[in-house]
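K.L.:
Below you'll find the structure I mean.
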Amino acid sequence: MNAYLLPCVSILLSVLPAQQDTKQASSAITLERIMADPDWFARSPGSPYWADDSQSFYWSQKRPGSAERDLVQSDLEGRELRRVSDAERPMVDLPGGRYSEDRSRKVFSRNGDLYIKDLRGAMAGKVTQLTRSASAESQAFFLTGDRRIAFNRGGQWFFRDLDSGLEAQLADIKTGDDPDAEEDEDDYLERQNRRLSKFLQRRKERREAAEARRKAQRKLDPSAAPQPFYLGKGKNAQSTALSPDGRWMILSYGGRRDSGKRDNMPVWVTDSSYVEPRPVRSLVGTGKAQPAKLALLDLQGHRRYEVDLDALPGIKEDPLAAIRASSRSKGDPKESKADDSKAEAKEADKKKPSKPKARAVSLRGLRWNSDGSRFSVQASSADNKDRWTFTIALADAKLEKEKPATLQPTLVERRSDSAWIGRIANNSGWLDDGRFWFQSEASGYSHLYLHDPASKENLQLTSGSFEVTAVSPDPSGRYLYFRANLDHPGITEIHRLETATRKIEQITNLGGMNTAQISPDGSKLLITHSALLEPPEIYVQDAAPTAQAVRLTHTTSDEFESLPWVKPQIVEVPNENGRPIYTRLYLPPGDADSTVKRPAVFFVHGAGYLQNSHQGWSNYFREFMFHSMLAHRGYVVMDMDYRASAGYGRDWRTAIYRQMGTPELADLKSGVSWAVANHGVDAESIGVYGGSYGGFMTLMAMFRAPGLFAAGAALRPVTDWAHYNHGYTSNILNNPEDDPEAYEVSSPIEFAEGLEGNLLICHGMLDDNVFFKDSVRLAQRLIELEKENWEMAVYPVERHGFQEPSSWLDEYRRIYKLFETSLR
């Protein structure tokens, strides 16, 4: 195979001929059909939500041949389906919003304006518009007593009095320094002037008296706008949370994050016919984290209380100190010499005692309890090695009237991880009885915990080798509903926990994958269910363990259901440590016991932290169809949830820390050995492919394990992790300057010399996730290494996820040809 790379030689843009097949079953499933617009097989319901009266529900559905989506309303029997007209849409029920204390009214935002809907009595169904402005209002909720509504407009909090109609600003948050702050102490000349001049002294006194009177009058004037809170020069509000009575505000603030120098991406196919540059994200480690600060604002007394984040245990530790020291000791000798000279220059400073600095943190999860007596916050270190969950009780804060106090956090949990803190277990909230629930990976899996502020004790509510996600309280506050893969890693059912008794009940029993929404009255669940061969559909079930779910939508086409899809088996392949690697296995139909050696293809899913070997419908639906086609044509196909995949706990997730590509490749090797031993696979006729992280792993396999795979197709691959984004990469590999070794052992471009099998690289030129230049840089590396058995296909109008059916078809024709010519 030849290398194709602009400007060296022409780029592969022509369409390769479709392959012929003689088997009737396999010919029914063609690449042309698989890669066509997905409308042909299903227009699955999306974004379902309950009507306010819990008697019907809404969902969106794509229009055939169009990117537009219709809104559909259905009754609870699925007998009456109707498309909501464009004229009706401005007035239909919307998801979200907040209820009054007695749940008789709901306030919500539509297109940036606020509305109230009456839900009970003679006025039930009446909708009243509260605002109509060019500014967007959001985050509305009823303040204590239900006669005022608070809302956010332009980052500032306001309230609307429902009786008088008065709208007033609750707080005025400003960046910059307070112009009325006490000036610095006068210097000698200023003091001397006033001492020698009675005029200057009297003028200063009159000015100070006038300012004091102005402030006093402002305090006494109930009609005056609130006094501003100044955050300081360069400081901006990041997030806020208003107390239920509107008296207090939690404020997270700090400097704007320095995200680093942004890269540029050329757009080649344009209306103007000129190449147009487009700015895209920066690279990992090129920015600088800005520490967030936390304050409690007394909006009534205009006082500000800073929260002492330096008091969080371990915040001044440096988890990366040893890695940095090791990197310096292994560095370039010339760089080390320069570093030594710098070190000598700083030797005197090193001898001086210095206090350790607190790590920068980001803040999230600012939440008040129902009576406004406590609030909770989650702080995450910039290196993502620590997460602190803490609360502050107003009664314990000793809020002085004259001098603002520094508030001390009460720790709920410090979660430390030598690798990185998982984002799956970040949810938290308050129960109506004042207890606080939160998720944590402390046990090695995402589980649910309960914190009692009175005793300061934490109680683990769920336990076992499974993951708890999507925790949500029901309207009554009696239950916490959640998803869990309790019985099998690939089956996610809906469960609930009774908060008073801590009794856990399984609510759904559908198998496959399930998500659910609780009805506004708490009596029913709106379930989105899918199975291996069944795209997502909507079911309704009473919120009770023994209730049966009723299917209400059927959106798959007759053509899809008539085709001979191969249902994958979910098998357990033992890895090098004896743990099972859950795998989708596609076998050629009808000859499972054949002694004829077969070719095999391994698909590697993307994202890294993603679960694909579950028993629901895969988001990789084109790949599922392609695998069915391959199986009909005699291939064994394996799709493994390698280490780093979601759904299997913390240790499985973090196995790749500082060594991306190493444990995953070991898992692929285990899969190859298992397939050869158990399913007649020819060890010399195995291919591998995948996109994004799967493309990265294809390259790692082809470069670091020559001979394991005869051919590989790397689609939109990461070739050098130092060129990927910061949020994802720094968690796993730290920063390149701190830990260059982790990047070098994890980046395929470092191992390109190992290529022996046939390699296809495919990449969209408008990819602003994994940049097209990743593949360009690798191509140049392969050219310089004088490798011959590779080629590259580029797609000028495609981003990371392809949109055009013609691009999908071209890409998979090339993949199929690669396997047919290399593995047969």
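Note on naming: chains are A, B, ... as they come in the structure tokens, residues start from 1 per chain, ligands start from 1 in the order shown.
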Quick one: residues within 12 Å of Pro179 (chain A), only C-alpha atoms counted, chain neighbours fewer than 2 positions away excluded, as a PyMOL selection string?
P.N.:
chain A and resi 174-177+181-183+228-233
K.L.:
With N, CA and C atoms retained, write the just-selected residues as an mmCIF file, in the first residue's frame.
P.N.:
data_model
loop_
_atom_site.group_PDB
_atom_site.id
_atom_site.type_symbol
_atom_site.label_atom_id
_atom_site.label_comp_id
_atom_site.auth_asym_id
_atom_site.auth_seq_id
_atom_site.Cartn_x
_atom_site.Cartn_y
_atom_site.Cartn_z
ATOM 1 N N LYS A 174 -19.814 43.129 41.408
ATOM 2 C CA LYS A 174 -18.974 43.850 40.451
ATOM 3 C C LYS A 174 -17.537 43.375 40.544
ATOM 4 N N THR A 175 -16.876 43.355 39.399
ATOM 5 C CA THR A 175 -15.439 43.127 39.399
ATOM 6 C C THR A 175 -14.735 44.438 39.708
ATOM 7 N N GLY A 176 -13.453 44.373 40.035
ATOM 8 C CA GLY A 176 -12.705 45.596 40.348
ATOM 9 C C GLY A 176 -12.672 45.893 41.835
ATOM 10 N N ASP A 177 -11.925 46.930 42.179
ATOM 11 C CA ASP A 177 -11.772 47.334 43.581
ATOM 12 C C ASP A 177 -12.875 48.302 43.992
ATOM 13 N N ALA A 181 -13.469 52.154 49.243
ATOM 14 C CA ALA A 181 -12.668 51.493 50.272
ATOM 15 C C ALA A 181 -11.729 52.491 50.919
ATOM 16 N N GLU A 182 -11.350 52.195 52.162
ATOM 17 C CA GLU A 182 -10.447 53.089 52.872
ATOM 18 C C GLU A 182 -9.149 53.239 52.105
ATOM 19 N N GLU A 183 -8.737 54.492 51.958
ATOM 20 C CA GLU A 183 -7.512 54.752 51.219
ATOM 21 C C GLU A 183 -6.309 54.356 52.066
ATOM 22 N N PRO A 228 -23.109 47.716 45.993
ATOM 23 C CA PRO A 228 -22.334 46.702 45.267
ATOM 24 C C PRO A 228 -21.377 45.936 46.185
ATOM 25 N N PHE A 229 -21.145 44.698 45.822
ATOM 26 C CA PHE A 229 -20.055 43.914 46.387
ATOM 27 C C PHE A 229 -18.942 43.896 45.336
ATOM 28 N N TYR A 230 -17.783 44.434 45.694
ATOM 29 C CA TYR A 230 -16.658 44.456 44.758
ATOM 30 C C TYR A 230 -15.749 43.263 45.024
ATOM 31 N N LEU A 231 -15.432 42.532 43.964
ATOM 32 C CA LEU A 231 -14.658 41.296 44.114
ATOM 33 C C LEU A 231 -13.160 41.520 44.039
ATOM 34 N N GLY A 232 -12.733 42.679 43.565
ATOM 35 C CA GLY A 232 -11.310 42.938 43.427
ATOM 36 C C GLY A 232 -10.891 42.964 41.970
ATOM 37 N N LYS A 233 -9.782 43.573 41.717
ATOM 38 C CA LYS A 233 -9.292 43.719 40.353
ATOM 39 C C LYS A 233 -9.019 42.359 39.721
#
K.L.:
Give the helix (DSSP H, G or I) residues of region 679-762 of chain A, as DSSP finds them on the backbone, and put them as an MDAnalysis selection string.
P.N.:
chainID A and resid 693:704 721:723 726:733 740:746 748:754
K.L.:
Within 7 Å of Val794 (chain A), counting only C-alpha atoms, which residues show up once you throw out same-chain ones fewer than 2 positions away? Write them as a list in words, please.
P.N.:
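Residues meeting the cut-off are Leu12, Cys762, His763, Gly764, Met765, Met792 and Pro796 of chain A.
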K.L.:
Based on the selection just made, write C-alpha atoms of those residues as a short mmCIF file (atom, residue, chain, number, x, y, z; two decimals), in the first residue's frame.
P.N.:
data_model
loop_
_atom_site.label_atom_id
_atom_site.label_comp_id
_atom_site.auth_asym_id
_atom_site.auth_seq_id
_atom_site.Cartn_x
_atom_site.Cartn_y
_atom_site.Cartn_z
CA LEU A 12 -7.43 9.32 -1.60
CA CYS A 762 -8.79 8.27 8.10
CA HIS A 763 -9.37 11.80 9.43
CA GLY A 764 -11.78 14.69 8.95
CA MET A 765 -9.99 17.92 8.12
CA MET A 792 -4.25 8.00 4.47
CA PRO A 796 -12.41 17.87 3.80
#
K.L.:
What are the nearest atom pairs, with distances in Å to one decimal, for all residues of region 480-534 of chain A that come at most 12 Å from region 550-570 of chain A, using only C-alpha atoms, set out by chain and rising residue number as a tab-separated table?
P.N.:
residue	atom	partner	partner_atom	distance
A:His488	CA	A:Ile570	CA	10.6
A:Pro489	CA	A:Ile570	CA	10.4
A:Gly490	CA	A:Ile570	CA	8.4
A:Ile491	CA	A:Ile570	CA	10.9
A:Thr508	CA	A:Val550	CA	11.1
A:Asn509	CA	A:Val550	CA	11.7
A:Leu510	CA	A:Val550	CA	10.3
A:Gly512	CA	A:Ile570	CA	11.6
A:Lys524	CA	A:Val550	CA	11.4
A:Leu525	CA	A:Val550	CA	10.6
A:Leu526	CA	A:Val550	CA	10.0
A:Ile527	CA	A:Arg551	CA	9.1
A:Thr528	CA	A:Arg551	CA	9.6
A:His529	CA	A:Arg551	CA	9.1
A:Ser530	CA	A:Arg551	CA	11.1
A:Ala531	CA	A:Lys567	CA	10.2
A:Leu532	CA	A:Lys567	CA	6.8
A:Leu533	CA	A:Lys567	CA	6.6
A:Glu534	CA	A:Thr556	CA	8.2
K.L.:
Please determine, counting only C-alpha atoms, which residue among A:Pro580, A:Gly155, A:Gly301, A:Gly464 has the shortest atom-to-atom distance to Gln227 (chain A).
P.N.:
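Using only C-alpha atoms, the shortest distance to Gln227 (chain A) belongs to A:Gly301.
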K.L.:
Pick the closest to Leu162 (chain A) from A:Ala209, A:Gly254, A:Lys198, A:Val107: which is it, counting only C-alpha atoms?
P.N.:
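Counting only C-alpha atoms, the residue closest to Leu162 (chain A) is A:Val107.
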K.L.:
Using DSSP secondary structure from the backbone, list all strand (DSSP E) positions within region 196-334 of chain A, as a PyMOL selection string.
P.N.:
chain A and resi 228-230+236-242+248-254+262-267+276-282+292-298+303-306
K.L.:
Counting only C-alpha atoms, what is within 9 Å of Tyr99 (chain A), bar same-chain residues fewer than 3 positions away, as a PyMOL selection string?
P.N.:
chain A and resi 102-108+141-142
K.L.:
Kindly give the distance, in Å, that separates CA of Ala470 (chain A) and CA of Arg367 (chain A), rounded to a single decimal.
P.N.:
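These atoms are spaced 17.5 Å apart.
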K.L.:
Extract, using only C-alpha atoms, all DNA, RNA and protein residues at most 9 Å from Tyr642 (chain A), discarding same-chain residues fewer than 6 positions from it, and format them as a PyMOL selection string.
P.N.:
chain A and resi 581-583+604-605+608+652+663-668
K.L.:
What's the 9 Å shell around Arg496 (chain A), counting only C-alpha atoms, without same-chain residues fewer than 3 positions away, as a PyMOL selection string?
P.N.:
chain A and resi 479-483+503-507
K.L.:
Store the residues picked out above, limited to N, CA, C and O atoms, as an mmCIF file, in the first residue's frame.
P.N.:
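The result, stored in selection28.cif:
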data_model
loop_
_atom_site.group_PDB
_atom_site.id
_atom_site.type_symbol
_atom_site.label_atom_id
_atom_site.label_comp_id
_atom_site.auth_asym_id
_atom_site.auth_seq_id
_atom_site.Cartn_x
_atom_site.Cartn_y
_atom_site.Cartn_z
ATOM 1 N N TYR A 479 -37.947 9.134 48.584
ATOM 2 C CA TYR A 479 -37.053 8.201 47.912
ATOM 3 C C TYR A 479 -35.940 8.938 47.169
ATOM 4 O O TYR A 479 -36.107 10.075 46.723
ATOM 5 N N LEU A 480 -34.818 8.230 47.027
ATOM 6 C CA LEU A 480 -33.784 8.596 46.075
ATOM 7 C C LEU A 480 -33.787 7.528 44.983
ATOM 8 O O LEU A 480 -33.556 6.344 45.258
ATOM 9 N N TYR A 481 -34.069 7.937 43.765
ATOM 10 C CA TYR A 481 -34.023 7.013 42.628
ATOM 11 C C TYR A 481 -32.625 7.051 42.015
ATOM 12 O O TYR A 481 -31.958 8.094 42.008
ATOM 13 N N PHE A 482 -32.191 5.922 41.466
ATOM 14 C CA PHE A 482 -30.872 5.885 40.830
ATOM 15 C C PHE A 482 -30.793 4.724 39.838
ATOM 16 O O PHE A 482 -31.589 3.779 39.888
ATOM 17 N N ARG A 483 -29.822 4.825 38.949
ATOM 18 C CA ARG A 483 -29.502 3.742 38.027
ATOM 19 C C ARG A 483 -28.360 2.923 38.614
ATOM 20 O O ARG A 483 -27.479 3.474 39.273
ATOM 21 N N LYS A 503 -34.074 1.239 52.865
ATOM 22 C CA LYS A 503 -34.443 0.061 52.093
ATOM 23 C C LYS A 503 -34.277 0.349 50.607
ATOM 24 O O LYS A 503 -34.721 1.381 50.107
ATOM 25 N N ILE A 504 -33.655 -0.591 49.884
ATOM 26 C CA ILE A 504 -33.418 -0.443 48.449
ATOM 27 C C ILE A 504 -34.329 -1.396 47.691
ATOM 28 O O ILE A 504 -34.430 -2.578 48.031
ATOM 29 N N GLU A 505 -34.997 -0.875 46.665
ATOM 30 C CA GLU A 505 -35.892 -1.680 45.843
ATOM 31 C C GLU A 505 -35.532 -1.504 44.368
ATOM 32 O O GLU A 505 -35.239 -0.391 43.925
ATOM 33 N N GLN A 506 -35.561 -2.620 43.625
ATOM 34 C CA GLN A 506 -35.404 -2.529 42.180
ATOM 35 C C GLN A 506 -36.776 -2.249 41.573
ATOM 36 O O GLN A 506 -37.735 -2.962 41.831
ATOM 37 N N ILE A 507 -36.854 -1.217 40.733
ATOM 38 C CA ILE A 507 -38.141 -0.802 40.189
ATOM 39 C C ILE A 507 -38.371 -1.383 38.796
ATOM 40 O O ILE A 507 -39.438 -1.909 38.504
#
K.L.:
With a distance cut-off of 9 Å and only C-alpha atoms, select the neighbouring residues of Pro291 (chain A), excluding the residue or stretch itself and same-chain residues fewer than 4 positions from it, and output the selection as JSON, numbers by chain.
P.N.:
{"A": [253, 254, 255, 257, 359, 360, 361, 362, 382]}
